[in-house]
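A short worksheet on the structure shown next.
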Amino acid sequence: MENQKNSKVQPAKAAWDKSTLQFIDQETTGDGISATIKNGGSQMQGETVYEVFRSDTGNPKNGEVVASGVVGTLAPGESQELTFTPALLEQGNYMFKAYQRSGHPGTGVLWSESITVEETREAAERNQPERPFDQYFNSDVQGGTATFTVPEGIGEVEISFSSYIYPEGVIPQEDGKPYENQHVYDNVTQTYGPGTHTVQVDLPESGYWQTDLYLGPVVETLTESGHSMDSIIDADYGSAN
């Protein structure tokens with residue numbers, strides 16, 4: 001009789017594209033802070049994400065996430081400047097955290113050096129979106145439809161509306177968590193001027209979904225923090241069933 005002990009098929013791990021990211025510089029700028037990230041390996045086959053951490057004192061790794069963004073598909077030796085330019089840059093210690101591409105043999109994350117902001121600085125442009133963003137934009141997200149209003153005087157603003165798929169087998173909690181490893185199913189990113197706008201995205205035909213309306217470019221994959229409080233406007237989640 002054939003031995004069945006080792007017959008179970010193990011799931012295949014994600015293939016690493018052999019890219020390796022590293023921070024090569026970080027600094028304060030005229031209107032915020034920045035860090036430069038470089039691909040020291042092979043061509044990236046997709047995007048990844050980064051976050052900005054802040055603490056009043058001490059190690060920013062122990063602080064809170066104040067922003068997030070996307071690292072593009074960098075070619076070998078190519079670099080990208082990551083920036084954080086809020087309307088009000090509070091004094092404290094900051095650090096950029098980035099995620100290696102899936103399958104990377106290291107720890108999977110990398111950190112910039114700490115950046116110290118000595119004094120709180122207000123951006124020269126005062127007419128910025130204000131929290132709570134859902135009220136500021138008078139937003140409403142219902143499934144795959146989002147309606148929002150860009151106020152007069154703000155100028156144009158980049159806004160993304162994305163539908164995400166939860167990992168297979170994951171059932172969302174009452175607050176929509178867990179956020180990590182949700183992947184974009186459909187997305188619309190545009191620059192909007194003053195006025196009321198309605199945008200729609202497709203929802204998956206099966207399983208659980210989440211739809212997020214947020215400032216800035218599309219975020220392809222969410223981390224455990226989801227979108228930062230400096231970008232998220234409104235959200236909804238549910239099941240195709």
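Labels for the structure tokens follow display order: chains A, B, ..., residues from 1 in each chain, ligands from 1.
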A:His104: which residues within 9 Å, counting only C-alpha atoms, same-chain residues fewer than 6 positions away excluded, as an mmCIF file with N, CA, C and O atoms, in the first residue's frame?
data_model
loop_
_atom_site.group_PDB
_atom_site.id
_atom_site.type_symbol
_atom_site.label_atom_id
_atom_site.label_comp_id
_atom_site.auth_asym_id
_atom_site.auth_seq_id
_atom_site.Cartn_x
_atom_site.Cartn_y
_atom_site.Cartn_z
ATOM 1 N N ALA A 15 6.970 33.873 -5.292
ATOM 2 C CA ALA A 15 8.297 33.938 -5.894
ATOM 3 C C ALA A 15 8.886 35.324 -5.681
ATOM 4 O O ALA A 15 8.257 36.332 -5.990
ATOM 5 N N TRP A 16 10.080 35.368 -5.132
ATOM 6 C CA TRP A 16 10.764 36.642 -4.895
ATOM 7 C C TRP A 16 11.331 37.141 -6.222
ATOM 8 O O TRP A 16 11.970 36.386 -6.974
ATOM 9 N N ASP A 17 11.123 38.426 -6.510
ATOM 10 C CA ASP A 17 11.629 38.984 -7.762
ATOM 11 C C ASP A 17 13.108 39.386 -7.678
ATOM 12 O O ASP A 17 13.654 39.959 -8.612
ATOM 13 N N LYS A 18 13.735 39.093 -6.533
ATOM 14 C CA LYS A 18 15.160 39.346 -6.290
ATOM 15 C C LYS A 18 15.514 40.828 -6.230
ATOM 16 O O LYS A 18 16.661 41.217 -6.409
ATOM 17 N N SER A 19 14.512 41.664 -5.964
ATOM 18 C CA SER A 19 14.796 43.068 -5.675
ATOM 19 C C SER A 19 15.186 43.192 -4.203
ATOM 20 O O SER A 19 14.800 42.364 -3.374
ATOM 21 N N THR A 20 15.975 44.207 -3.876
ATOM 22 C CA THR A 20 16.361 44.470 -2.489
ATOM 23 C C THR A 20 16.379 45.984 -2.276
ATOM 24 O O THR A 20 17.178 46.685 -2.903
#
If you take only C-alpha atoms and a cut-off of 10 Å, which residues of stretch 105-155 of chain A touch stretch 74-86 of chain A, and what are their nearest atom pairs and distances in Å to one decimal, in chain and number order, as JSON lines?
{"residue": "A:Arg121", "atom": "CA", "partner": "A:Pro86", "partner_atom": "CA", "distance": 9.4}
{"residue": "A:Glu122", "atom": "CA", "partner": "A:Pro86", "partner_atom": "CA", "distance": 8.2}
{"residue": "A:Ala123", "atom": "CA", "partner": "A:Pro86", "partner_atom": "CA", "distance": 7.2}
{"residue": "A:Gln128", "atom": "CA", "partner": "A:Pro86", "partner_atom": "CA", "distance": 8.9}
Write out, as a PDB file, in the first residue's frame, the residues just selected, with N, CA, C and O atoms.
ATOM      1  N   ARG A 121       6.203  73.110  12.435  1.00  0.00           N
ATOM      2  CA  ARG A 121       6.159  74.032  11.310  1.00  0.00           C
ATOM      3  C   ARG A 121       4.850  73.877  10.557  1.00  0.00           C
ATOM      4  O   ARG A 121       4.396  72.767  10.292  1.00  0.00           O
ATOM      5  N   GLU A 122       4.267  75.016  10.208  1.00  0.00           N
ATOM      6  CA  GLU A 122       3.031  75.021   9.430  1.00  0.00           C
ATOM      7  C   GLU A 122       3.364  75.296   7.968  1.00  0.00           C
ATOM      8  O   GLU A 122       4.178  76.160   7.655  1.00  0.00           O
ATOM      9  N   ALA A 123       2.751  74.526   7.077  1.00  0.00           N
ATOM     10  CA  ALA A 123       3.016  74.705   5.657  1.00  0.00           C
ATOM     11  C   ALA A 123       2.562  76.080   5.190  1.00  0.00           C
ATOM     12  O   ALA A 123       1.613  76.668   5.721  1.00  0.00           O
ATOM     13  N   GLN A 128      -5.672  73.588   3.319  1.00  0.00           N
ATOM     14  CA  GLN A 128      -5.481  72.149   3.193  1.00  0.00           C
ATOM     15  C   GLN A 128      -6.701  71.423   3.745  1.00  0.00           C
ATOM     16  O   GLN A 128      -7.445  71.964   4.569  1.00  0.00           O
TER      17      GLN A 128
END
* Counting only C-alpha atoms, figure out which residue out of A:Lys177, A:His197, A:Arg131, A:Lys97 gets nearest to A:Glu64. =>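 Between A:Lys177, A:His197, A:Arg131, A:Lys97, the residue approaching A:Glu64 most closely is A:Lys97.
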* Can you list, as an NGL selection string, every residue of stretch 70-222 of chain A that DSSP puts in alpha helix (DSSP H)? -> :A and (133-136)
Pull C-alpha atoms from the residues just selected and write them as a compact mmCIF listing (two decimals), in the first residue's frame.
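Generated file (again_34.txt):
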# COMPACT_ATOMS: atom_id res chain seq x y z
CA PHE A 133 -11.98 64.18 6.24
CA ASP A 134 -15.39 62.50 5.76
CA GLN A 135 -17.06 65.68 7.01
CA TYR A 136 -14.65 68.01 5.20
* Kindly give the distance, in Å, that separates atom CA of A:Tyr214 and atom CA of A:Glu90, rounded to a single decimal. =>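 For atom CA of A:Tyr214 relative to atom CA of A:Glu90, the distance reads 21.9 Å.
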* Show which residues sit within 12 Å of A:Gln173, as a ChimeraX atom specification. Count only C-alpha atoms, and ignore same-chain residues fewer than 5 positions away. => /A:166,178-179,208,210,237-238
* Just asking: which residues within stretch 21-225 of chain A are strand (DSSP E or B) according to DSSP, as a PyMOL selection string? -> chain A and resi 21-28+33-39+48-55+64-71+79-84+88-89+92-99+109-111+115-117+121-122+140-142+145-150+157-165+183-192+195-200+208-215+221
* **Shell around A:Gly226 at 7 Å using only C-alpha atoms, local window under 2 positions removed, as a PyMOL selection string** => chain A and resi 179-180+222-224+228
Could those residues be written to a file, using all heavy atoms, as a short mmCIF file (atom, residue, chain, number, x, y, z; two decimals), in the first residue's frame?
data_model
loop_
_atom_site.label_atom_id
_atom_site.label_comp_id
_atom_site.auth_asym_id
_atom_site.auth_seq_id
_atom_site.Cartn_x
_atom_site.Cartn_y
_atom_site.Cartn_z
N TYR A 179 -6.62 44.59 8.23
CA TYR A 179 -6.35 45.30 6.99
C TYR A 179 -5.21 44.66 6.20
O TYR A 179 -5.19 44.74 4.96
CB TYR A 179 -5.99 46.76 7.28
CG TYR A 179 -7.04 47.52 8.07
CD1 TYR A 179 -6.68 48.24 9.21
CD2 TYR A 179 -8.36 47.51 7.68
CE1 TYR A 179 -7.64 48.93 9.93
CE2 TYR A 179 -9.33 48.20 8.40
CZ TYR A 179 -8.95 48.92 9.53
OH TYR A 179 -9.89 49.61 10.24
N GLU A 180 -4.25 44.07 6.91
CA GLU A 180 -3.03 43.62 6.23
C GLU A 180 -3.32 42.57 5.17
O GLU A 180 -4.20 41.73 5.32
CB GLU A 180 -2.00 43.08 7.23
CG GLU A 180 -2.44 41.88 8.03
CD GLU A 180 -3.02 42.28 9.36
OE1 GLU A 180 -3.57 43.38 9.48
OE2 GLU A 180 -2.93 41.46 10.30
N LEU A 222 -2.52 46.69 1.49
CA LEU A 222 -2.58 47.34 2.79
C LEU A 222 -1.71 46.62 3.81
O LEU A 222 -1.51 45.41 3.75
CB LEU A 222 -4.02 47.36 3.31
CG LEU A 222 -5.04 48.14 2.47
CD1 LEU A 222 -6.41 48.11 3.14
CD2 LEU A 222 -4.60 49.58 2.26
N THR A 223 -1.19 47.39 4.76
CA THR A 223 -0.47 46.84 5.89
C THR A 223 -1.43 46.72 7.06
O THR A 223 -2.62 47.03 6.94
CB THR A 223 0.71 47.74 6.29
OG1 THR A 223 0.18 48.99 6.80
CG2 THR A 223 1.59 48.04 5.08
N GLU A 224 -0.94 46.30 8.23
CA GLU A 224 -1.80 46.12 9.39
C GLU A 224 -2.41 47.44 9.85
O GLU A 224 -3.43 47.44 10.56
CB GLU A 224 -1.03 45.48 10.54
CG GLU A 224 0.15 46.31 11.04
CD GLU A 224 0.92 45.61 12.14
OE1 GLU A 224 0.51 44.48 12.51
OE2 GLU A 224 1.89 46.19 12.64
N SER A 228 -3.33 55.57 6.39
CA SER A 228 -3.01 56.46 7.49
C SER A 228 -4.17 57.43 7.74
O SER A 228 -4.99 57.70 6.86
CB SER A 228 -1.74 57.26 7.19
OG SER A 228 -2.01 58.28 6.25
#
* Contact residues around A:Glu47 with only C-alpha atoms at 9 Å, ignoring same-chain residues under 5 positions, as a PyMOL selection string -> chain A and resi 70-74+101+219-221
* Structure fact -> From the list A:Gln100, A:Gln182, A:Asn138, A:Asn62, the nearest residue to A:Gly41 using only C-alpha atoms is A:Gln100
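In this comparison, which uses only C-alpha atoms, the residue of A:Ala98, A:Ser163, A:Val109, A:Ile115 approaching A:Ser34 most closely is A:Ile115.
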* Asked: So what do you get for atom CA of A:Ala87 versus atom CA of A:Thr120, distance-wise?
  ->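 Interatomic distance, atom CA of A:Ala87 to atom CA of A:Thr120: 10.6 Å.
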* Kindly give the distance, in Å, that separates atom CA of A:Gly155 and atom CA of A:Gly195, rounded to a single decimal. =>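 Between atom CA of A:Gly155 and atom CA of A:Gly195 the gap is 10.5 Å.
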* To do: Just the residues within 10 Å of A:Asp56, please, counting only C-alpha atoms, with nothing from its chain fewer than 2 positions along; format it as a PyMOL selection string.
  => chain A and resi 54+58-60+63-64+90-94+116-117
Please dump the current selection as a PDB file, in the first residue's frame; keep C-alpha atoms.
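Ended up saving to result25.pdb:
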ATOM      1  CA  ARG A  54       6.440  59.514  14.628  1.00  0.00           C
ATOM      2  CA  GLY A  58      12.723  58.357  21.753  1.00  0.00           C
ATOM      3  CA  ASN A  59      12.633  55.742  19.012  1.00  0.00           C
ATOM      4  CA  PRO A  60      10.009  56.450  16.323  1.00  0.00           C
ATOM      5  CA  GLY A  63       5.472  55.668  17.892  1.00  0.00           C
ATOM      6  CA  GLU A  64       2.410  55.937  15.657  1.00  0.00           C
ATOM      7  CA  GLU A  90       4.862  68.533  14.472  1.00  0.00           C
ATOM      8  CA  GLN A  91       8.163  68.478  16.309  1.00  0.00           C
ATOM      9  CA  GLY A  92       9.399  65.025  17.256  1.00  0.00           C
ATOM     10  CA  ASN A  93      11.275  62.058  15.848  1.00  0.00           C
ATOM     11  CA  TYR A  94      10.292  60.474  12.535  1.00  0.00           C
ATOM     12  CA  THR A 116      14.412  64.903  14.229  1.00  0.00           C
ATOM     13  CA  VAL A 117      12.141  67.920  13.715  1.00  0.00           C
TER      14      VAL A 117
END
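For A:Ser68, the set of protein, DNA and RNA residues having any atom at most 8 Å away, when counting only C-alpha atoms and skipping those fewer than 4 positions along the same chain, is Val49, Tyr50, Glu51, Val52, His227 and Ser228 of chain A.
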With N, CA and C atoms retained, write the just-selected residues as a PDB file, in the first residue's frame.
ATOM      1  N   VAL A  49       4.803  49.140  -0.311  1.00  0.00           N
ATOM      2  CA  VAL A  49       4.303  50.290   0.438  1.00  0.00           C
ATOM      3  C   VAL A  49       5.318  50.750   1.481  1.00  0.00           C
ATOM      4  N   TYR A  50       5.152  51.976   1.925  1.00  0.00           N
ATOM      5  CA  TYR A  50       5.968  52.506   3.018  1.00  0.00           C
ATOM      6  C   TYR A  50       5.074  53.238   3.997  1.00  0.00           C
ATOM      7  N   GLU A  51       5.569  53.433   5.215  1.00  0.00           N
ATOM      8  CA  GLU A  51       4.844  54.153   6.257  1.00  0.00           C
ATOM      9  C   GLU A  51       5.789  55.142   6.921  1.00  0.00           C
ATOM     10  N   VAL A  52       5.231  56.167   7.530  1.00  0.00           N
ATOM     11  CA  VAL A  52       6.005  57.140   8.294  1.00  0.00           C
ATOM     12  C   VAL A  52       5.571  57.040   9.752  1.00  0.00           C
ATOM     13  N   HIS A 227      -4.901  52.396   5.789  1.00  0.00           N
ATOM     14  CA  HIS A 227      -4.507  53.721   5.323  1.00  0.00           C
ATOM     15  C   HIS A 227      -4.246  54.619   6.534  1.00  0.00           C
ATOM     16  N   SER A 228      -3.334  55.570   6.387  1.00  0.00           N
ATOM     17  CA  SER A 228      -3.014  56.459   7.487  1.00  0.00           C
ATOM     18  C   SER A 228      -4.166  57.432   7.742  1.00  0.00           C
TER      19      SER A 228
END
* Could you tell me which of A:Gly169, A:Gly40, A:Gly46, A:Pro129 comes closest to A:Asp230 if we count only C-alpha atoms? => A:Pro129
* So which one's closest to A:Glu119, A:Leu89, A:Asp31, A:Ser225, A:Pro151? Using only C-alpha atoms, please. ->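 So, comparing all the options, the nearest one is A:Leu89.
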